[in-house]
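Novice: Input: one structure, supplied below.
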Amino acid sequence: MQRIVILGGGVGGTLTANLVSRKLKRRIDDGLASVTVVDAEGQHVYQPGFMYIAMGNEKAESLRKPERSLLDKRVDLVVGEVVAIDEDARMVHLADGYTLPYDELVLATGSRILPETIEHFEQEAHHFYSAEAAERLRAALDAFDGGKVVVGIASMPYKCPPAPLEVAFLIEAELRERGLREKSEVHYCSPIGRAFTIESVSDMATPELEKKDIELHTFFNVEAIDPERKVVESLEGEELPYDLLVLVPPHKGAQVLMDSGLAPEPGGWLPTDPATLNVKDRPNVWAVGDATDLPLSKAGSTAHFEAPVLAERIAAVVEGREPEGSDSIYTGRVMCFFEIGDGKGTLLRFDYEHPPQPPTPNRLWHLGKVAFNKTYFHTVPRGRV
Amino acid sequence: MTTAPVEVTPDRVVDARGSFCPGPLMELIRAIREGHAGIVIAVYSTDKGSKTDIPKWVEKAGHRLVGIFARDGYDEIVIEQLR
């Protein structure tokens, strides 16, 4: 019996489980292989939708589905929190004392946010990296009647790199629609020397920021928030006063990966082979999605394109053959939509060798993102696109 | 005529080889946060962008660029933390 255990029921974990169980259908039916997903909540959450809760176009309950409903019938689901991974014994330990042996282990444990690591973050700053936080930001936007809006990034890396830029554009557009733009300033703070990590995307976004009078502050690494003076301070010595502060919180990989010696401190990202998605020096351990240390967006889209490679490579191990076909190697492929405000969007499509060449923003790509969001549960986790 | 930068022994080495933009800069920023005025930090980077973005950041953040040294397959960018 070959036991494949997948930790995490997000995009990467769910899709990998469904694809690998399809490839190993016969072996699973014959009792020669098993696929098990372990998820802490047993709920699959479409996290890219959080931003739309903040912008008033989405409800938290529409972004959640029971994980079981998205999994192939051949995949087992265990709901529980993983507290330790024992590589020598090839065993996963859960909080309730349950243990799961594995032959192939997939780490789809994602990333987690740590707003509490910046003093006063939770009292002063808003974000959109959970449904609850996005709802609070919506309420703050509803109550906002003009002033200084500061959108920034506490530290890198973080989930969905375009999201803070998109939110700056969307807030600016909303303020215009509500007649508050004249009474407001919008500031965007980037930790690096340009608006976005990828140069071509930065080149596309910077003129849009200028056109919309969103002031760009480069090399702004958030150091402190002063709640008395209502200013956010950068490591570089800059201060920005705010009336509404929106900050991407610091992110880390799963604590259990650091505690089990699989991922190094302080970030907790798994050292991952960029082509095979093997965790380095561990032939039977694999990584997908946000959990890796790959120089790619931490985004569902990355996991979406990685999962077929994992499924093929793990199926090949189980079947005792070489990986084959176009899914045998991951090329760094990522594709995601980018909102620019005013009902317009663009598309970022890239891989390790080819940076994105975003088309001129138009209505089509915005509608594409809306359609993708609405159909997500029927398509991506089930491996239909 | 320019003078070649004088090589100094760093107090801390940040080996960011193999990391892509903005990885080396982010690693340096972490070292600066953990450091204090007066220490010298060397960043090893294989990312070509580091030679331009790290000096720009150093200037904005009020530190001192000691020098950029081409090593075997990577660059060593040396910074003195001033605050």
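Just remember, in the structure tokens the first chain shown is A, the second B, etc., residues are 1-based per chain, and ligands are 1-based in the order shown.
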For chain B against chain A, with a cut-off of 7 Å and counting only C-alpha atoms, what is the closest atom pair and its distance in Å to one decimal for every residue that makes the cut, ordered by chain and number, as a tab-separated table?

Specialist:
```
residue	atom	partner	partner_atom	distance
B:Phe20	CA	A:Pro295	CA	6.4
B:Pro22	CA	A:Thr197	CA	6.8
B:Asp53	CA	A:Gly193	CA	6.6
B:Trp57	CA	A:Phe219	CA	6.5
B:Lys60	CA	A:Glu236	CA	6.4
B:Ala61	CA	A:Glu236	CA	4.0
```

Novice: If you count only C-alpha atoms, which residues fall within 6 Å of Gln43 of chain A, apart from same-chain ones fewer than 3 positions away, as a PyMOL selection string?

Specialist: chain A and resi 65-67

Novice: Can you write out the residues you just picked, keeping N, CA and C atoms, as a PDB file, in the first residue's frame?

Specialist:
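Just written: result34.pdb:
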```
ATOM      1  N   LYS A  65     -16.783  26.418   1.174  1.00  0.00           N
ATOM      2  CA  LYS A  65     -17.509  25.176   0.865  1.00  0.00           C
ATOM      3  C   LYS A  65     -16.879  24.065   1.692  1.00  0.00           C
ATOM      4  N   PRO A  66     -17.682  23.072   2.095  1.00  0.00           N
ATOM      5  CA  PRO A  66     -17.057  21.941   2.795  1.00  0.00           C
ATOM      6  C   PRO A  66     -16.021  21.283   1.884  1.00  0.00           C
ATOM      7  N   GLU A  67     -14.842  21.025   2.446  1.00  0.00           N
ATOM      8  CA  GLU A  67     -13.768  20.424   1.663  1.00  0.00           C
ATOM      9  C   GLU A  67     -14.219  19.091   1.058  1.00  0.00           C
TER      10      GLU A  67
END
```

Novice: Please identify all polymer residues within 12 Å of segment 75-83 of chain B, counting only C-alpha atoms, omitting same-chain residues fewer than 5 positions from it, and present them as JSON, numbers by chain.

Specialist: {"A": [235, 236, 237], "B": [5, 6, 7, 8, 9, 10, 11, 12, 13, 14, 15, 16, 17, 18, 24, 25, 28, 29, 31, 32, 33, 34, 35, 36, 37, 38, 39, 40, 41, 42, 43, 44, 45, 46, 47, 48, 49, 50, 51, 52, 53, 54, 55, 56, 57, 58, 59, 61, 62, 63, 64, 65, 66, 67, 68, 69, 70]}

Novice: Mind listing the strand (DSSP E) residues of segment 33-81 of chain B, per DSSP on the backbone, as a list in words?

Specialist: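 Strand (DSSP E) members of segment 33-81 of chain B, listed: Val40, Ile41, Ala42, Val43, Tyr44, Ser45, Arg64, Leu65, Val66, Gly67, Ile68, Phe69, Ala70, Asp75, Glu76, Ile77, Val78, Ile79 and Glu80 of chain B.
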
Novice: Suppose we keep N, CA and C atoms; can you now write the selection as a PDB file, in the first residue's frame?

Specialist:
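Listed below is the output, result08.pdb:
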```pdb
ATOM      1  N   VAL B  40      29.107  46.630   9.911  1.00  0.00           N
ATOM      2  CA  VAL B  40      29.289  46.511   8.460  1.00  0.00           C
ATOM      3  C   VAL B  40      28.670  45.186   8.011  1.00  0.00           C
ATOM      4  N   ILE B  41      27.801  45.279   7.017  1.00  0.00           N
ATOM      5  CA  ILE B  41      27.084  44.101   6.529  1.00  0.00           C
ATOM      6  C   ILE B  41      27.467  43.866   5.068  1.00  0.00           C
ATOM      7  N   ALA B  42      27.784  42.613   4.743  1.00  0.00           N
ATOM      8  CA  ALA B  42      28.062  42.262   3.350  1.00  0.00           C
ATOM      9  C   ALA B  42      26.920  41.395   2.831  1.00  0.00           C
ATOM     10  N   VAL B  43      26.377  41.766   1.670  1.00  0.00           N
ATOM     11  CA  VAL B  43      25.318  40.966   1.037  1.00  0.00           C
ATOM     12  C   VAL B  43      25.932  40.265  -0.161  1.00  0.00           C
ATOM     13  N   TYR B  44      25.797  38.939  -0.221  1.00  0.00           N
ATOM     14  CA  TYR B  44      26.212  38.195  -1.410  1.00  0.00           C
ATOM     15  C   TYR B  44      24.959  37.998  -2.267  1.00  0.00           C
ATOM     16  N   SER B  45      25.032  38.395  -3.523  1.00  0.00           N
ATOM     17  CA  SER B  45      23.847  38.257  -4.381  1.00  0.00           C
ATOM     18  C   SER B  45      24.239  37.823  -5.786  1.00  0.00           C
ATOM     19  N   ARG B  64      25.459  53.766   4.588  1.00  0.00           N
ATOM     20  CA  ARG B  64      26.578  54.091   3.698  1.00  0.00           C
ATOM     21  C   ARG B  64      26.976  52.868   2.889  1.00  0.00           C
ATOM     22  N   LEU B  65      27.067  53.080   1.589  1.00  0.00           N
ATOM     23  CA  LEU B  65      27.543  52.002   0.714  1.00  0.00           C
ATOM     24  C   LEU B  65      29.068  52.017   0.758  1.00  0.00           C
ATOM     25  N   VAL B  66      29.652  50.938   1.254  1.00  0.00           N
ATOM     26  CA  VAL B  66      31.111  50.862   1.332  1.00  0.00           C
ATOM     27  C   VAL B  66      31.677  50.495  -0.033  1.00  0.00           C
ATOM     28  N   GLY B  67      31.036  49.545  -0.707  1.00  0.00           N
ATOM     29  CA  GLY B  67      31.514  49.180  -2.031  1.00  0.00           C
ATOM     30  C   GLY B  67      30.789  47.977  -2.595  1.00  0.00           C
ATOM     31  N   ILE B  68      30.958  47.790  -3.918  1.00  0.00           N
ATOM     32  CA  ILE B  68      30.395  46.613  -4.590  1.00  0.00           C
ATOM     33  C   ILE B  68      31.568  45.860  -5.201  1.00  0.00           C
ATOM     34  N   PHE B  69      31.734  44.617  -4.857  1.00  0.00           N
ATOM     35  CA  PHE B  69      32.881  43.840  -5.313  1.00  0.00           C
ATOM     36  C   PHE B  69      32.410  42.651  -6.132  1.00  0.00           C
ATOM     37  N   ALA B  70      32.934  42.516  -7.345  1.00  0.00           N
ATOM     38  CA  ALA B  70      32.585  41.359  -8.182  1.00  0.00           C
ATOM     39  C   ALA B  70      33.367  40.156  -7.678  1.00  0.00           C
ATOM     40  N   ASP B  75      27.984  39.005  -6.639  1.00  0.00           N
ATOM     41  CA  ASP B  75      28.452  40.318  -6.198  1.00  0.00           C
ATOM     42  C   ASP B  75      28.430  40.374  -4.676  1.00  0.00           C
ATOM     43  N   GLU B  76      29.416  41.062  -4.131  1.00  0.00           N
ATOM     44  CA  GLU B  76      29.409  41.334  -2.695  1.00  0.00           C
ATOM     45  C   GLU B  76      29.160  42.822  -2.523  1.00  0.00           C
ATOM     46  N   ILE B  77      28.057  43.141  -1.868  1.00  0.00           N
ATOM     47  CA  ILE B  77      27.687  44.544  -1.672  1.00  0.00           C
ATOM     48  C   ILE B  77      27.844  44.837  -0.176  1.00  0.00           C
ATOM     49  N   VAL B  78      28.712  45.788   0.136  1.00  0.00           N
ATOM     50  CA  VAL B  78      29.062  46.020   1.546  1.00  0.00           C
ATOM     51  C   VAL B  78      28.465  47.359   1.996  1.00  0.00           C
ATOM     52  N   ILE B  79      27.818  47.309   3.137  1.00  0.00           N
ATOM     53  CA  ILE B  79      27.082  48.454   3.676  1.00  0.00           C
ATOM     54  C   ILE B  79      27.496  48.721   5.115  1.00  0.00           C
ATOM     55  N   GLU B  80      27.620  49.997   5.460  1.00  0.00           N
ATOM     56  CA  GLU B  80      27.800  50.333   6.875  1.00  0.00           C
ATOM     57  C   GLU B  80      26.471  50.870   7.398  1.00  0.00           C
TER      58      GLU B  80
END
```

Novice: Can you pull out every residue within 6 Å of Val79 of chain A, counting only C-alpha atoms, but drop anything in the same chain fewer than 4 positions away, and send it as an MDAnalysis selection string?

Specialist: chainID A and resid 38:40 42

Novice: Atoms to include: N, CA and C atoms. Write the selected residues as a PDB file, in the first residue's frame.

Specialist:
```pdb
ATOM      1  N   VAL A  38      -5.483  16.176   4.849  1.00  0.00           N
ATOM      2  CA  VAL A  38      -5.684  16.584   6.239  1.00  0.00           C
ATOM      3  C   VAL A  38      -5.897  18.094   6.245  1.00  0.00           C
ATOM      4  N   ASP A  39      -7.011  18.526   6.793  1.00  0.00           N
ATOM      5  CA  ASP A  39      -7.279  19.967   6.838  1.00  0.00           C
ATOM      6  C   ASP A  39      -7.797  20.339   8.227  1.00  0.00           C
ATOM      7  N   ALA A  40      -7.319  21.460   8.737  1.00  0.00           N
ATOM      8  CA  ALA A  40      -7.648  21.850  10.115  1.00  0.00           C
ATOM      9  C   ALA A  40      -9.134  22.140  10.294  1.00  0.00           C
ATOM     10  N   GLY A  42     -11.620  21.570   7.620  1.00  0.00           N
ATOM     11  CA  GLY A  42     -12.514  20.811   6.748  1.00  0.00           C
ATOM     12  C   GLY A  42     -13.330  21.715   5.839  1.00  0.00           C
TER      13      GLY A  42
END
```

Novice: Can you measure atom CA of Thr206 of chain A to atom CA of Val149 of chain A for me? One decimal in Å is fine.

Specialist: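 Taking atom CA of Thr206 of chain A and atom CA of Val149 of chain A, their separation equals 17.9 Å.
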
Novice: Write out as a ChimeraX atom specification the residues lying within 9 Å of segment 273-290 of chain A, counting only C-alpha atoms and excluding same-chain residues fewer than 4 positions away.

Specialist: /A:10-13,16,103-111,158-159,253,262,269,294-295,297-304,306-307,309-310,313-314,317,328-332,352

Novice: Could you turn the residues from that selection into a file that holds C-alpha atoms, as a PDB file, in the first residue's frame?

Specialist:
```pdb
ATOM      1  CA  GLY A  10      -6.506  24.844  -0.057  1.00  0.00           C
ATOM      2  CA  VAL A  11      -6.158  25.131  -3.825  1.00  0.00           C
ATOM      3  CA  GLY A  12      -2.875  23.182  -4.008  1.00  0.00           C
ATOM      4  CA  GLY A  13      -3.832  20.386  -1.621  1.00  0.00           C
ATOM      5  CA  THR A  16      -3.321  17.693  -6.125  1.00  0.00           C
ATOM      6  CA  ASP A 103       4.956   7.117   1.997  1.00  0.00           C
ATOM      7  CA  GLU A 104       4.647  10.348  -0.013  1.00  0.00           C
ATOM      8  CA  LEU A 105       3.954  13.592   1.863  1.00  0.00           C
ATOM      9  CA  VAL A 106       2.605  16.755   0.203  1.00  0.00           C
ATOM     10  CA  LEU A 107       2.962  19.979   2.177  1.00  0.00           C
ATOM     11  CA  ALA A 108       0.180  22.314   1.063  1.00  0.00           C
ATOM     12  CA  THR A 109       0.122  24.156   4.352  1.00  0.00           C
ATOM     13  CA  GLY A 110      -0.079  27.650   2.846  1.00  0.00           C
ATOM     14  CA  SER A 111       0.932  30.838   4.579  1.00  0.00           C
ATOM     15  CA  TYR A 158       2.846  38.019   1.167  1.00  0.00           C
ATOM     16  CA  LYS A 159      -0.156  36.401  -0.480  1.00  0.00           C
ATOM     17  CA  GLY A 253       4.837  29.590   6.577  1.00  0.00           C
ATOM     18  CA  LEU A 262      11.345  21.048   7.433  1.00  0.00           C
ATOM     19  CA  TRP A 269       9.127  28.614   3.675  1.00  0.00           C
ATOM     20  CA  LEU A 294       9.993  29.640  -4.880  1.00  0.00           C
ATOM     21  CA  PRO A 295      10.449  33.144  -6.338  1.00  0.00           C
ATOM     22  CA  SER A 297       3.572  34.805  -6.403  1.00  0.00           C
ATOM     23  CA  LYS A 298       2.078  33.274  -3.308  1.00  0.00           C
ATOM     24  CA  ALA A 299      -1.283  32.842  -4.963  1.00  0.00           C
ATOM     25  CA  GLY A 300      -3.902  30.229  -5.722  1.00  0.00           C
ATOM     26  CA  SER A 301      -2.943  30.486  -9.370  1.00  0.00           C
ATOM     27  CA  THR A 302       0.592  29.293  -8.635  1.00  0.00           C
ATOM     28  CA  ALA A 303      -0.783  26.277  -6.745  1.00  0.00           C
ATOM     29  CA  HIS A 304      -3.272  25.678  -9.573  1.00  0.00           C
ATOM     30  CA  GLU A 306       1.867  23.381  -9.733  1.00  0.00           C
ATOM     31  CA  ALA A 307      -0.684  20.721  -8.739  1.00  0.00           C
ATOM     32  CA  VAL A 309       3.086  18.508 -11.860  1.00  0.00           C
ATOM     33  CA  LEU A 310       2.919  17.145  -8.320  1.00  0.00           C
ATOM     34  CA  ARG A 313       5.428  13.107 -10.315  1.00  0.00           C
ATOM     35  CA  ILE A 314       3.831  11.386  -7.324  1.00  0.00           C
ATOM     36  CA  VAL A 317       6.752   7.289  -8.037  1.00  0.00           C
ATOM     37  CA  SER A 328       6.469  16.295 -15.676  1.00  0.00           C
ATOM     38  CA  ILE A 329       8.273  19.589 -14.975  1.00  0.00           C
ATOM     39  CA  TYR A 330       6.983  22.828 -13.440  1.00  0.00           C
ATOM     40  CA  THR A 331       7.999  25.821 -15.542  1.00  0.00           C
ATOM     41  CA  GLY A 332       6.919  28.499 -13.071  1.00  0.00           C
ATOM     42  CA  TYR A 352      10.326  31.418 -14.690  1.00  0.00           C
TER      43      TYR A 352
END
```

Novice: If you run DSSP on the backbone, which residues of segment 152-304 of chain A are alpha helix (DSSP H), as a PyMOL selection string?

Specialist: chain A and resi 163-177+199-211+255-259+300-304

Novice: Please provide the set of residues having any atom within 10 Å of Leu32 of chain A, restricted to only C-alpha atoms, with same-chain residues fewer than 6 positions apart removed, written as an mmCIF file with N, CA and C atoms, in the first residue's frame.

Specialist:
```cif
data_model
loop_
_atom_site.group_PDB
_atom_site.id
_atom_site.type_symbol
_atom_site.label_atom_id
_atom_site.label_comp_id
_atom_site.auth_asym_id
_atom_site.auth_seq_id
_atom_site.Cartn_x
_atom_site.Cartn_y
_atom_site.Cartn_z
ATOM 1 N N MET A 1 0.842 -1.212 0.000
ATOM 2 C CA MET A 1 0.000 0.000 0.000
ATOM 3 C C MET A 1 0.871 1.255 0.000
ATOM 4 N N GLN A 2 0.670 2.131 -0.982
ATOM 5 C CA GLN A 2 1.395 3.406 -1.045
ATOM 6 C C GLN A 2 0.463 4.488 -0.514
ATOM 7 N N ARG A 3 0.881 5.138 0.585
ATOM 8 C CA ARG A 3 0.009 6.125 1.228
ATOM 9 C C ARG A 3 0.479 7.547 0.911
ATOM 10 N N LEU A 24 -4.361 7.516 -10.184
ATOM 11 C CA LEU A 24 -4.124 6.235 -9.502
ATOM 12 C C LEU A 24 -5.434 5.501 -9.198
ATOM 13 N N ARG A 26 -7.193 3.072 -10.420
ATOM 14 C CA ARG A 26 -7.236 1.612 -10.342
ATOM 15 C C ARG A 26 -6.521 1.098 -9.089
ATOM 16 N N VAL A 318 4.661 6.222 -7.457
ATOM 17 C CA VAL A 318 3.814 5.106 -7.007
ATOM 18 C C VAL A 318 3.796 3.995 -8.063
#
```

Novice: Please list as a ChimeraX atom specification every residue within 8 Å of segment 378-385 of chain A, counting only C-alpha atoms and excluding residues in the same chain fewer than 2 positions away.

Specialist: /A:11,14-15,18-19,70-72,304,375-376

Novice: What is the distance between atom CA of Val75 of chain A and atom CA of Ala311 of chain A, in Å to one decimal?

Specialist: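 Computing the Euclidean distance for atom CA of Val75 of chain A and atom CA of Ala311 of chain A yields 13.3 Å.
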
Novice: Any idea what the distance is between atom CA of Lys23 of chain A and atom CA of Ala315 of chain A?

Specialist: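 Value for the atom CA of Lys23 of chain A-atom CA of Ala315 of chain A distance: 6.6 Å.
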